[in-house]
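Remarks on the structure that follows.
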Amino acid sequence: MNKKSLLKPSRRDVLKYGVASSALAMPFVSRAWADTVELNMLAWYGHGEPDVVAEFEAANNVKFKPKYYAGGDNMLALIAQSPPGTFDVILSDAEFVQQLNEAGYIDELNAADYPFDDFLFDEWKQFPGHWKDGKLYSAMVRCGHLGVSYNTTAISAEEAQSYNCYWKPEIKGKVGHFDWHLPSLGQMSLLNGNASPFDIDEAAWGAVKEKTKSLRPQVGGFFDYGGTFNGLKNGEMLAMAGIGDWITGVLEKDGAKVASVVPKEGGIQWTESWSIGKGTKNADIAKKFIQYMLSPEGQVHSARMAAYPGFAITKGGRKALNEKDPKEAQRTGQVDGAANDPVSLIKDGRIKYRGVPKQQSLEVWNDFWSEYKGS
Amino acid sequence: MATSQHRDFYAWFWRLPLLVWQLLFFVVPLGFMFVMSFWLVKNYRMTPAFAFDNWAKMLGWNIFWNSYLYTFSLALVATILASLLAFPAAYGLAFKVNETTRRWALFFLIIPFFTSYLVRVYAWQVVLAGNGVISAMLAWVGLGPLSLLNTAYGTIIGYLTLAFPLVVILQTISLASIDGRLIEAAHNLGCGRLRTVFAVIIPAAKVGLIVAALFCFILAFGDFVSPYYLGGSKPPTLSIMIIDSTKSGQQWPRAAVIAVVMILTLLAVAFASVTTAYRRRG
């Protein structure tokens, strides 16, 4: 623009520079206008994705900033490395809540804030490790079952009724492991007949190790979430130890010929619970989020999570799921009176809660897992 | 005198950024990692200490040494394969094509680095799987189907994906900078083509060829992606062992021990390579 046009700008100049000025000012305008609260989330992959949190974000002017982990000890490690107050909400595997609490990483919750009366199963109201001295520290929000996950063209439904199908000669080199010691070793413990798979004495632990080692020649690899998913999808792996419907459910919906069942030796329940991080500056909105996840709408989002589905744990959640997505409710047995109703399976004693080793240290189990992988 | 001081200042002025950078981002973290290898972990928290527990645990653990040998062997095989396969390509680019073609070829060799290595490795999963292209081709000639995924072969292919273009580039640059008169003199003295390659070209380009191989070894030895996603972590390499140690139980001190051993190994290999490269004949 020359000197003359600066003094007498044309209509086009006014429009041009007006738009430019507005664009430059936008960051300041939007910041003052929106004042969005950023909530730092620590969770397994998927919990901070739009299919789960978008509605809550929109309704409460919140933006989640998720940090994802794989495995409870990985979660503890991430918290330990971060300054207090880094995470507002923490999704934990239930067996690690006690350690979160003992380390002082989470705040006490007010039980009256959450719909415990609506829980499908009484035992879940007092989930082990979630309460201490009558105080609540974490709210269970979803769960799922681990069992035999298999390719239906390679393993029959009858064969899948026992973990022994992993040793089937025809699938040598095609058995995969989800690369985390607790679920796979828990399954081996169940196969050995241990009623409490994670509370075993030294003799039983020795037997679990021997049983696990005997599976090694069958094993085709150790995988993270993506690798497990791909391995089953492309048929590289025909059976996968340490997982359940949380992975095969996603693949099934995609048309893959895979399934998961709770075998006759029993299955393991994974359980996830929300806690509020100690030192958070957003405790109120964090509480509101946990309430949302336990509401019927939140439970439906949780049960249908794109990354990995789970069970609704409230009566309201189950009812809403049956109304919203009856096919998924049917597929996963979340229908009152269904033969594979997850609550019935627990009541029948076929499901054990996943836990941390009681009579050995976690390190001992982990070291064995490294030895097993390297053998 | 004043001019000499001025020259010293000028030289140090230009050296300083490199020194500061190396000090801040290499020497200090390396020192910290070494110190951390003596720390202990209690309740998932690292506690400063001066204990040899981690060193004793890792160095006395046969799984660690098995992993070490496996990692070293795979990296060595990848280095030998990359060097042998790259040489004909580099030779052709250095001596058999014109300048324009060479430039274009080098440009195309750089292109793979524009895309994520992880994405390229995921693409290899499709190719190497039992129902993938290679398996189908092998089946067609009666040798398959054969899955190369989750095997050591898969890992080697991943290593080559990472390092091969770089090895070709370094070898090409090295060969192209040989004084052409040496080759002409060899021919004039009656030296055959093959003998010229082994008696003149390779010795003249020795430094570049060894440096290219060294880069390949360094990249392969420390790689995590290929052994995990193409090798199925079966058995784990040292880099996978580092990940396992950190994600489970927050054993960063043990991971530090593995990392220190890896760095010492690479330093030894680099020192041996450079010594060999600059050793004079006779």
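Going through the structure tokens in order, the chains are called A, B, and so on, while each chain numbers its residues from 1 and the ligands are numbered from 1 in the order shown.
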
Near Asp107 of chain A, within 7 Å and counting only C-alpha atoms, which residues show up once chain neighbours fewer than 2 positions away are dropped, as a ChimeraX atom specification?
-> /A:109,137,276-278

If we count only C-alpha atoms, which residues of chain B reach to within 9 Å of chain A? Please list them as an mmCIF file with N, CA and C atoms, in the first residue's frame.
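Below you can see iface_4.cif, which holds the result:
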data_model
loop_
_atom_site.group_PDB
_atom_site.id
_atom_site.type_symbol
_atom_site.label_atom_id
_atom_site.label_comp_id
_atom_site.auth_asym_id
_atom_site.auth_seq_id
_atom_site.Cartn_x
_atom_site.Cartn_y
_atom_site.Cartn_z
ATOM 1 N N ASN B 43 9.010 -49.160 45.920
ATOM 2 C CA ASN B 43 7.609 -48.785 45.696
ATOM 3 C C ASN B 43 7.434 -47.934 44.433
ATOM 4 N N TYR B 44 8.041 -48.392 43.366
ATOM 5 C CA TYR B 44 7.924 -47.751 42.053
ATOM 6 C C TYR B 44 8.585 -46.373 41.997
ATOM 7 N N ARG B 45 9.348 -46.036 43.012
ATOM 8 C CA ARG B 45 10.022 -44.744 43.004
ATOM 9 C C ARG B 45 11.526 -44.977 43.038
ATOM 10 N N MET B 46 12.231 -44.206 42.213
ATOM 11 C CA MET B 46 13.672 -44.332 42.204
ATOM 12 C C MET B 46 14.243 -43.631 43.431
ATOM 13 N N ASN B 62 21.576 -64.733 32.857
ATOM 14 C CA ASN B 62 21.866 -65.315 31.542
ATOM 15 C C ASN B 62 20.920 -64.793 30.454
ATOM 16 N N ILE B 63 19.701 -64.409 30.848
ATOM 17 C CA ILE B 63 18.754 -63.866 29.869
ATOM 18 C C ILE B 63 19.326 -62.587 29.240
ATOM 19 N N PHE B 64 20.000 -61.790 30.063
ATOM 20 C CA PHE B 64 20.595 -60.549 29.543
ATOM 21 C C PHE B 64 21.670 -60.876 28.509
ATOM 22 N N ASN B 66 22.065 -63.652 26.778
ATOM 23 C CA ASN B 66 21.448 -64.243 25.574
ATOM 24 C C ASN B 66 20.924 -63.142 24.667
ATOM 25 N N SER B 67 20.278 -62.179 25.309
ATOM 26 C CA SER B 67 19.718 -61.058 24.551
ATOM 27 C C SER B 67 20.832 -60.237 23.903
ATOM 28 N N GLN B 125 4.627 -55.455 7.663
ATOM 29 C CA GLN B 125 3.825 -56.505 8.295
ATOM 30 C C GLN B 125 2.867 -57.127 7.278
ATOM 31 N N VAL B 126 2.288 -56.270 6.461
ATOM 32 C CA VAL B 126 1.338 -56.741 5.449
ATOM 33 C C VAL B 126 2.066 -57.611 4.427
ATOM 34 N N ALA B 129 3.484 -61.094 6.150
ATOM 35 C CA ALA B 129 2.532 -62.004 6.814
ATOM 36 C C ALA B 129 2.315 -63.271 5.984
ATOM 37 N N GLY B 130 1.772 -64.290 6.648
ATOM 38 C CA GLY B 130 1.535 -65.565 5.977
ATOM 39 C C GLY B 130 0.631 -65.444 4.766
ATOM 40 N N ASN B 131 -0.271 -64.456 4.801
ATOM 41 C CA ASN B 131 -1.143 -64.229 3.647
ATOM 42 C C ASN B 131 -0.678 -63.024 2.833
ATOM 43 N N SER B 147 5.421 -67.593 6.373
ATOM 44 C CA SER B 147 5.329 -66.282 7.019
ATOM 45 C C SER B 147 6.695 -65.858 7.542
ATOM 46 N N LEU B 149 6.883 -62.943 9.120
ATOM 47 C CA LEU B 149 6.563 -62.040 10.221
ATOM 48 C C LEU B 149 6.823 -62.749 11.548
ATOM 49 N N ASN B 150 7.251 -61.966 12.537
ATOM 50 C CA ASN B 150 7.565 -62.493 13.875
ATOM 51 C C ASN B 150 8.713 -63.496 13.840
ATOM 52 N N THR B 151 9.655 -63.261 12.949
ATOM 53 C CA THR B 151 10.862 -64.096 12.889
ATOM 54 C C THR B 151 12.086 -63.185 12.824
ATOM 55 N N TYR B 228 10.505 -55.595 17.545
ATOM 56 C CA TYR B 228 9.219 -55.705 18.240
ATOM 57 C C TYR B 228 8.081 -55.983 17.267
ATOM 58 N N TYR B 229 8.038 -55.214 16.182
ATOM 59 C CA TYR B 229 6.882 -55.320 15.289
ATOM 60 C C TYR B 229 7.071 -56.308 14.138
ATOM 61 N N GLY B 231 9.798 -58.788 14.444
ATOM 62 C CA GLY B 231 10.400 -59.968 15.055
ATOM 63 C C GLY B 231 9.526 -60.586 16.134
ATOM 64 N N GLY B 232 8.442 -59.905 16.504
ATOM 65 C CA GLY B 232 7.532 -60.442 17.513
ATOM 66 C C GLY B 232 8.128 -60.489 18.908
ATOM 67 N N SER B 233 9.215 -59.722 19.112
ATOM 68 C CA SER B 233 9.855 -59.664 20.436
ATOM 69 C C SER B 233 10.249 -61.063 20.915
ATOM 70 N N LYS B 234 10.712 -61.860 19.997
ATOM 71 C CA LYS B 234 10.873 -63.289 20.284
ATOM 72 C C LYS B 234 12.204 -63.798 19.767
ATOM 73 N N PRO B 235 13.284 -63.829 20.513
ATOM 74 C CA PRO B 235 13.410 -63.324 21.877
ATOM 75 C C PRO B 235 13.630 -61.815 21.877
ATOM 76 N N PRO B 236 13.524 -61.192 23.024
ATOM 77 C CA PRO B 236 13.678 -59.738 23.056
ATOM 78 C C PRO B 236 15.122 -59.298 22.810
ATOM 79 N N THR B 237 15.284 -58.209 22.090
ATOM 80 C CA THR B 237 16.614 -57.618 21.933
ATOM 81 C C THR B 237 16.862 -56.696 23.132
ATOM 82 N N MET B 241 14.365 -55.071 25.925
ATOM 83 C CA MET B 241 14.602 -55.305 27.350
ATOM 84 C C MET B 241 14.570 -53.981 28.133
ATOM 85 N N ASP B 244 10.942 -53.150 28.470
ATOM 86 C CA ASP B 244 10.323 -54.037 29.470
ATOM 87 C C ASP B 244 10.696 -53.610 30.885
ATOM 88 N N THR B 246 11.520 -50.644 31.973
ATOM 89 C CA THR B 246 10.950 -49.357 32.399
ATOM 90 C C THR B 246 9.442 -49.437 32.572
ATOM 91 N N LYS B 247 8.779 -50.201 31.712
ATOM 92 C CA LYS B 247 7.319 -50.206 31.810
ATOM 93 C C LYS B 247 6.839 -51.110 32.935
ATOM 94 N N SER B 248 7.671 -52.004 33.376
ATOM 95 C CA SER B 248 7.231 -52.916 34.419
ATOM 96 C C SER B 248 8.056 -52.679 35.681
ATOM 97 N N GLY B 249 7.404 -52.125 36.667
ATOM 98 C CA GLY B 249 8.076 -51.910 37.940
ATOM 99 C C GLY B 249 8.988 -50.702 37.973
ATOM 100 N N GLN B 250 8.961 -49.905 36.941
ATOM 101 C CA GLN B 250 9.766 -48.678 36.860
ATOM 102 C C GLN B 250 11.249 -48.940 37.136
ATOM 103 N N GLN B 251 11.768 -50.012 36.554
ATOM 104 C CA GLN B 251 13.163 -50.348 36.789
ATOM 105 C C GLN B 251 14.084 -49.553 35.867
#

Hey, what does DSSP flag as strand (DSSP E or B) within segment 178-345 of chain A? Can you give it to me as a PyMOL selection string?
-> chain A and resi 178+219-223+239-241+244+258-261+267-277+311+314

Could you dump the residues just selected with C-alpha atoms as a PDB file, in the first residue's frame?
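Printed below is out.pdb as written:
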ATOM      1  CA  PHE A 178      -0.393 -59.977  25.172  1.00  0.00           C
ATOM      2  CA  VAL A 219       4.446 -69.075  20.943  1.00  0.00           C
ATOM      3  CA  GLY A 220       4.716 -66.885  17.862  1.00  0.00           C
ATOM      4  CA  GLY A 221       5.286 -63.573  19.551  1.00  0.00           C
ATOM      5  CA  PHE A 222       4.664 -61.098  22.339  1.00  0.00           C
ATOM      6  CA  PHE A 223       2.585 -58.098  21.372  1.00  0.00           C
ATOM      7  CA  ALA A 239      -4.884 -67.975  19.629  1.00  0.00           C
ATOM      8  CA  MET A 240      -3.934 -65.213  22.009  1.00  0.00           C
ATOM      9  CA  ALA A 241      -3.275 -65.639  25.706  1.00  0.00           C
ATOM     10  CA  GLY A 244     -10.542 -61.395  25.939  1.00  0.00           C
ATOM     11  CA  VAL A 258     -12.313 -64.491  16.120  1.00  0.00           C
ATOM     12  CA  ALA A 259     -14.057 -64.950  19.445  1.00  0.00           C
ATOM     13  CA  SER A 260     -13.398 -65.060  23.169  1.00  0.00           C
ATOM     14  CA  VAL A 261     -14.885 -67.428  25.706  1.00  0.00           C
ATOM     15  CA  GLY A 267     -11.703 -66.574  33.405  1.00  0.00           C
ATOM     16  CA  ILE A 268     -10.130 -63.482  34.837  1.00  0.00           C
ATOM     17  CA  GLN A 269     -11.924 -60.198  35.286  1.00  0.00           C
ATOM     18  CA  TRP A 270     -10.162 -56.974  34.427  1.00  0.00           C
ATOM     19  CA  THR A 271     -11.662 -54.072  36.261  1.00  0.00           C
ATOM     20  CA  GLU A 272     -11.158 -50.382  35.687  1.00  0.00           C
ATOM     21  CA  SER A 273     -11.795 -47.621  38.166  1.00  0.00           C
ATOM     22  CA  TRP A 274     -11.578 -43.857  38.130  1.00  0.00           C
ATOM     23  CA  SER A 275      -9.771 -41.866  40.792  1.00  0.00           C
ATOM     24  CA  ILE A 276      -9.101 -38.189  41.287  1.00  0.00           C
ATOM     25  CA  GLY A 277      -5.416 -37.324  41.274  1.00  0.00           C
ATOM     26  CA  PHE A 311     -19.304 -54.343  30.502  1.00  0.00           C
ATOM     27  CA  THR A 314     -24.818 -50.309  36.688  1.00  0.00           C
TER      28      THR A 314
END

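Atom CA of Arg254 of chain B is found 12.9 Å from atom CA of Thr47 of chain B.
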
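Neighbouring residues of segment 326-339 of chain A at 9 Å or closer, counting only C-alpha atoms and skipping chain neighbours under 6 positions away, are Asp245, Gly249, Ala303, Arg304, Gly310, Phe311, Ala312, Arg318, Lys319 and Leu345 of chain A.
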
Export N, CA, C and O atoms of the chosen residues as a short mmCIF file (atom, residue, chain, number, x, y, z; two decimals), in the first residue's frame?
data_model
loop_
_atom_site.label_atom_id
_atom_site.label_comp_id
_atom_site.auth_asym_id
_atom_site.auth_seq_id
_atom_site.Cartn_x
_atom_site.Cartn_y
_atom_site.Cartn_z
N ASP A 245 -12.57 -60.42 25.20
CA ASP A 245 -13.45 -59.73 24.26
C ASP A 245 -13.06 -58.26 24.06
O ASP A 245 -13.45 -57.63 23.09
N GLY A 249 -13.65 -58.43 20.53
CA GLY A 249 -14.94 -57.78 20.30
C GLY A 249 -14.86 -56.74 19.20
O GLY A 249 -15.74 -56.63 18.34
N ALA A 303 -19.23 -48.99 27.52
CA ALA A 303 -19.46 -50.36 27.05
C ALA A 303 -19.18 -50.50 25.55
O ALA A 303 -18.75 -51.55 25.10
N ARG A 304 -19.43 -49.44 24.80
CA ARG A 304 -19.26 -49.50 23.34
C ARG A 304 -17.95 -48.85 22.89
O ARG A 304 -17.78 -48.56 21.70
N GLY A 310 -16.32 -52.92 26.99
CA GLY A 310 -16.33 -53.47 28.34
C GLY A 310 -17.77 -53.69 28.76
O GLY A 310 -18.71 -53.46 27.99
N PHE A 311 -17.95 -54.13 29.99
CA PHE A 311 -19.30 -54.34 30.50
C PHE A 311 -19.78 -53.10 31.25
O PHE A 311 -18.99 -52.48 31.97
N ALA A 312 -21.08 -52.81 31.09
CA ALA A 312 -21.68 -51.78 31.95
C ALA A 312 -21.80 -52.40 33.34
O ALA A 312 -22.05 -53.59 33.48
N ARG A 318 -26.79 -50.83 31.97
CA ARG A 318 -27.19 -52.02 31.20
C ARG A 318 -28.51 -51.75 30.46
O ARG A 318 -28.65 -52.13 29.29
N LYS A 319 -29.45 -51.13 31.16
CA LYS A 319 -30.76 -50.86 30.54
C LYS A 319 -30.58 -49.94 29.32
O LYS A 319 -31.13 -50.19 28.24
N LEU A 345 -21.79 -65.30 35.55
CA LEU A 345 -20.51 -66.04 35.52
C LEU A 345 -19.75 -65.84 36.82
O LEU A 345 -19.14 -66.77 37.35
#

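Going from atom CA of Ile247 of chain A over to atom CA of Tyr308 of chain A, you cover 5.9 Å.
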
Which neighbours of Ala259 of chain B fall inside 9 Å, counting only C-alpha atoms, when residues of the same chain fewer than 3 positions from it are skipped, and could you give them as a VMD selection string?
-> chain B and resid 33 to 34 238 to 239 242 254 to 256 262 to 264

Store the residues picked out above, limited to all heavy atoms, as a PDB file, in the first residue's frame.
ATOM      1  N   MET B  33      22.721 -40.961  33.425  1.00  0.00           N
ATOM      2  CA  MET B  33      22.257 -42.334  33.234  1.00  0.00           C
ATOM      3  C   MET B  33      23.188 -43.318  33.949  1.00  0.00           C
ATOM      4  O   MET B  33      22.728 -44.272  34.585  1.00  0.00           O
ATOM      5  CB  MET B  33      22.204 -42.660  31.736  1.00  0.00           C
ATOM      6  CG  MET B  33      21.476 -43.935  31.420  1.00  0.00           C
ATOM      7  SD  MET B  33      21.273 -44.134  29.664  1.00  0.00           S
ATOM      8  CE  MET B  33      22.959 -44.428  29.167  1.00  0.00           C
ATOM      9  N   PHE B  34      24.483 -43.040  33.860  1.00  0.00           N
ATOM     10  CA  PHE B  34      25.456 -43.909  34.531  1.00  0.00           C
ATOM     11  C   PHE B  34      25.245 -43.869  36.048  1.00  0.00           C
ATOM     12  O   PHE B  34      25.219 -44.908  36.720  1.00  0.00           O
ATOM     13  CB  PHE B  34      26.875 -43.469  34.171  1.00  0.00           C
ATOM     14  CG  PHE B  34      27.938 -44.364  34.738  1.00  0.00           C
ATOM     15  CD1 PHE B  34      28.059 -45.682  34.291  1.00  0.00           C
ATOM     16  CD2 PHE B  34      28.796 -43.907  35.718  1.00  0.00           C
ATOM     17  CE1 PHE B  34      29.035 -46.518  34.832  1.00  0.00           C
ATOM     18  CE2 PHE B  34      29.774 -44.742  36.257  1.00  0.00           C
ATOM     19  CZ  PHE B  34      29.887 -46.053  35.810  1.00  0.00           C
ATOM     20  N   LEU B 238      18.061 -56.125  23.192  1.00  0.00           N
ATOM     21  CA  LEU B 238      18.388 -55.268  24.345  1.00  0.00           C
ATOM     22  C   LEU B 238      17.464 -54.054  24.416  1.00  0.00           C
ATOM     23  O   LEU B 238      17.070 -53.635  25.511  1.00  0.00           O
ATOM     24  CB  LEU B 238      19.849 -54.807  24.264  1.00  0.00           C
ATOM     25  CG  LEU B 238      20.892 -55.898  24.515  1.00  0.00           C
ATOM     26  CD1 LEU B 238      22.301 -55.331  24.366  1.00  0.00           C
ATOM     27  CD2 LEU B 238      20.746 -56.526  25.901  1.00  0.00           C
ATOM     28  N   SER B 239      17.121 -53.498  23.263  1.00  0.00           N
ATOM     29  CA  SER B 239      16.249 -52.316  23.287  1.00  0.00           C
ATOM     30  C   SER B 239      14.859 -52.675  23.818  1.00  0.00           C
ATOM     31  O   SER B 239      14.243 -51.889  24.555  1.00  0.00           O
ATOM     32  CB  SER B 239      16.144 -51.694  21.892  1.00  0.00           C
ATOM     33  OG  SER B 239      15.832 -52.689  20.955  1.00  0.00           O
ATOM     34  N   ILE B 242      15.071 -52.934  27.501  1.00  0.00           N
ATOM     35  CA  ILE B 242      15.023 -51.610  28.149  1.00  0.00           C
ATOM     36  C   ILE B 242      13.570 -51.208  28.363  1.00  0.00           C
ATOM     37  O   ILE B 242      13.178 -50.787  29.460  1.00  0.00           O
ATOM     38  CB  ILE B 242      15.768 -50.555  27.307  1.00  0.00           C
ATOM     39  CG1 ILE B 242      17.275 -50.786  27.390  1.00  0.00           C
ATOM     40  CG2 ILE B 242      15.425 -49.137  27.781  1.00  0.00           C
ATOM     41  CD1 ILE B 242      18.098 -49.806  26.585  1.00  0.00           C
ATOM     42  N   ARG B 254      17.823 -50.455  36.139  1.00  0.00           N
ATOM     43  CA  ARG B 254      18.243 -51.635  35.359  1.00  0.00           C
ATOM     44  C   ARG B 254      18.298 -51.307  33.869  1.00  0.00           C
ATOM     45  O   ARG B 254      19.187 -51.774  33.161  1.00  0.00           O
ATOM     46  CB  ARG B 254      17.259 -52.788  35.581  1.00  0.00           C
ATOM     47  CG  ARG B 254      17.430 -53.456  36.902  1.00  0.00           C
ATOM     48  CD  ARG B 254      16.579 -54.705  36.924  1.00  0.00           C
ATOM     49  NE  ARG B 254      16.411 -55.152  38.286  1.00  0.00           N
ATOM     50  CZ  ARG B 254      15.561 -56.109  38.640  1.00  0.00           C
ATOM     51  NH1 ARG B 254      14.814 -56.697  37.734  1.00  0.00           N
ATOM     52  NH2 ARG B 254      15.458 -56.488  39.889  1.00  0.00           N
ATOM     53  N   ALA B 255      17.345 -50.502  33.431  1.00  0.00           N
ATOM     54  CA  ALA B 255      17.368 -50.077  32.021  1.00  0.00           C
ATOM     55  C   ALA B 255      18.645 -49.285  31.756  1.00  0.00           C
ATOM     56  O   ALA B 255      19.248 -49.394  30.678  1.00  0.00           O
ATOM     57  CB  ALA B 255      16.137 -49.237  31.716  1.00  0.00           C
ATOM     58  N   ALA B 256      19.066 -48.497  32.745  1.00  0.00           N
ATOM     59  CA  ALA B 256      20.293 -47.704  32.583  1.00  0.00           C
ATOM     60  C   ALA B 256      21.504 -48.620  32.436  1.00  0.00           C
ATOM     61  O   ALA B 256      22.412 -48.342  31.646  1.00  0.00           O
ATOM     62  CB  ALA B 256      20.469 -46.769  33.782  1.00  0.00           C
ATOM     63  N   MET B 262      25.127 -51.104  26.235  1.00  0.00           N
ATOM     64  CA  MET B 262      24.947 -50.900  24.791  1.00  0.00           C
ATOM     65  C   MET B 262      25.874 -49.798  24.288  1.00  0.00           C
ATOM     66  O   MET B 262      26.501 -49.922  23.225  1.00  0.00           O
ATOM     67  CB  MET B 262      23.490 -50.536  24.483  1.00  0.00           C
ATOM     68  CG  MET B 262      22.530 -51.698  24.620  1.00  0.00           C
ATOM     69  SD  MET B 262      20.822 -51.225  24.312  1.00  0.00           S
ATOM     70  CE  MET B 262      20.788 -51.239  22.522  1.00  0.00           C
ATOM     71  N   ILE B 263      25.969 -48.719  25.037  1.00  0.00           N
ATOM     72  CA  ILE B 263      26.818 -47.599  24.606  1.00  0.00           C
ATOM     73  C   ILE B 263      28.287 -48.019  24.597  1.00  0.00           C
ATOM     74  O   ILE B 263      29.025 -47.703  23.651  1.00  0.00           O
ATOM     75  CB  ILE B 263      26.593 -46.374  25.520  1.00  0.00           C
ATOM     76  CG1 ILE B 263      25.214 -45.776  25.227  1.00  0.00           C
ATOM     77  CG2 ILE B 263      27.676 -45.320  25.326  1.00  0.00           C
ATOM     78  CD1 ILE B 263      24.768 -44.725  26.205  1.00  0.00           C
ATOM     79  N   LEU B 264      28.697 -48.760  25.626  1.00  0.00           N
ATOM     80  CA  LEU B 264      30.088 -49.221  25.661  1.00  0.00           C
ATOM     81  C   LEU B 264      30.374 -50.128  24.472  1.00  0.00           C
ATOM     82  O   LEU B 264      31.441 -50.057  23.861  1.00  0.00           O
ATOM     83  CB  LEU B 264      30.361 -49.963  26.981  1.00  0.00           C
ATOM     84  CG  LEU B 264      30.398 -49.084  28.237  1.00  0.00           C
ATOM     85  CD1 LEU B 264      30.585 -49.943  29.489  1.00  0.00           C
ATOM     86  CD2 LEU B 264      31.526 -48.052  28.152  1.00  0.00           C
TER      87      LEU B 264
END

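Atom CA of Cys216 of chain B to atom CA of Thr275 of chain B spans 17.4 Å [interatomic distance, one decimal].
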
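By only C-alpha atoms, and with residues fewer than 3 positions from segment 53-66 of chain A along its chain excluded, the set lying at most 8 Å from it is Ala34, Asp35, Thr36, Val37, Glu38, Leu39, Asn40, Met41, Leu42, Ala43, His47, Gly48, Glu49, Pro50, Phe289 and Tyr292 of chain A.
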
Can you pull out every residue within 12 Å of Gly193 of chain A, counting only C-alpha atoms, but drop anything in the same chain fewer than 4 positions away, and send it as a PyMOL selection string?
-> chain A and resi 162-163+186-189+197-198+200+204-205+207-208+211+264-267+350

How would the residues just chosen look if you wrote them out with N, CA, C and O atoms as a CSV table (one decimal), in the first residue's frame?
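In the end it all went to selection_33.csv:
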chain,number,residue,atom,x,y,z
A,162,SER,N,-11.2,-74.9,26.9
A,162,SER,CA,-10.1,-75.1,27.9
A,162,SER,C,-8.8,-74.4,27.4
A,162,SER,O,-8.6,-74.3,26.2
A,163,TYR,N,-8.1,-73.9,28.3
A,163,TYR,CA,-6.8,-73.2,28.0
A,163,TYR,C,-5.8,-74.2,27.3
A,163,TYR,O,-4.9,-73.8,26.7
A,186,GLY,N,-1.8,-65.4,35.0
A,186,GLY,CA,-3.1,-65.7,35.8
A,186,GLY,C,-3.8,-66.9,35.1
A,186,GLY,O,-4.4,-67.7,35.8
A,187,GLN,N,-3.9,-66.9,33.8
A,187,GLN,CA,-4.5,-67.9,33.0
A,187,GLN,C,-3.9,-69.3,33.3
A,187,GLN,O,-4.5,-70.3,33.4
A,188,MET,N,-2.5,-69.3,33.3
A,188,MET,CA,-1.8,-70.5,33.5
A,188,MET,C,-2.1,-71.0,34.9
A,188,MET,O,-2.2,-72.2,35.2
A,189,SER,N,-2.2,-70.1,35.9
A,189,SER,CA,-2.5,-70.4,37.2
A,189,SER,C,-3.9,-71.1,37.3
A,189,SER,O,-4.1,-72.1,38.0
A,197,PRO,N,-6.0,-67.5,41.6
A,197,PRO,CA,-4.8,-67.6,40.7
A,197,PRO,C,-3.6,-66.7,41.1
A,197,PRO,O,-2.5,-67.0,40.7
A,198,PHE,N,-3.8,-65.6,41.8
A,198,PHE,CA,-2.7,-64.7,42.1
A,198,PHE,C,-2.2,-64.9,43.6
A,198,PHE,O,-1.3,-64.2,44.0
A,200,ILE,N,-0.9,-67.7,45.4
A,200,ILE,CA,-0.4,-69.1,45.3
A,200,ILE,C,0.9,-69.2,46.1
A,200,ILE,O,1.8,-68.3,46.1
A,204,ALA,N,3.1,-73.9,44.1
A,204,ALA,CA,2.1,-73.7,43.0
A,204,ALA,C,2.7,-72.7,42.0
A,204,ALA,O,2.5,-72.8,40.8
A,205,TRP,N,3.5,-71.7,42.5
A,205,TRP,CA,4.2,-70.8,41.6
A,205,TRP,C,5.2,-71.5,40.7
A,205,TRP,O,5.3,-71.3,39.5
A,207,ALA,N,4.9,-74.6,39.8
A,207,ALA,CA,4.2,-75.3,38.8
A,207,ALA,C,3.6,-74.4,37.7
A,207,ALA,O,3.6,-74.8,36.5
A,208,VAL,N,3.2,-73.2,38.1
A,208,VAL,CA,2.8,-72.3,37.1
A,208,VAL,C,3.9,-71.9,36.1
A,208,VAL,O,3.7,-71.9,34.9
A,211,LYS,N,4.4,-74.9,33.7
A,211,LYS,CA,3.3,-75.0,32.8
A,211,LYS,C,3.5,-73.9,31.7
A,211,LYS,O,3.3,-74.2,30.5
A,264,LYS,N,-13.6,-73.6,30.8
A,264,LYS,CA,-14.1,-74.3,32.0
A,264,LYS,C,-13.2,-74.1,33.2
A,264,LYS,O,-13.7,-74.2,34.3
A,265,GLU,N,-11.9,-73.8,33.0
A,265,GLU,CA,-11.0,-73.5,34.1
A,265,GLU,C,-11.3,-72.2,34.7
A,265,GLU,O,-10.8,-71.9,35.8
A,266,GLY,N,-12.1,-71.4,34.1
A,266,GLY,CA,-12.5,-70.1,34.6
A,266,GLY,C,-11.8,-68.9,33.8
A,266,GLY,O,-10.8,-69.2,33.1
A,267,GLY,N,-12.3,-67.8,34.1
A,267,GLY,CA,-11.7,-66.6,33.4
A,267,GLY,C,-11.3,-65.6,34.4
A,267,GLY,O,-11.5,-65.8,35.6
A,350,ARG,N,-17.0,-68.7,38.2
A,350,ARG,CA,-16.2,-69.0,37.0
A,350,ARG,C,-15.2,-67.9,36.7
A,350,ARG,O,-14.4,-68.0,35.8

Got a sec: who's within 9 Å of segment 250-255 of chain A, counting only C-alpha atoms, leaving out chain neighbours fewer than 5 positions off, as number ranges by chain?
-> A: 229, 232-233, 245, 306-309

Using DSSP on the backbone, list every residue of segment 142-222 of chain B that comes out as helix (DSSP H, G or I), and give them as JSON, numbers by chain.
-> {"B": [152, 153, 154, 155, 156, 157, 158, 159, 160, 161, 162, 163, 164, 165, 166, 167, 168, 169, 170, 171, 172, 173, 174, 175, 176, 180, 181, 182, 183, 184, 185, 186, 187, 188, 193, 194, 195, 196, 197, 198, 199, 200, 201, 202, 203, 204, 206, 207, 208, 209, 210, 211, 212, 213, 214, 215, 216, 217, 218, 219, 220, 221, 222]}
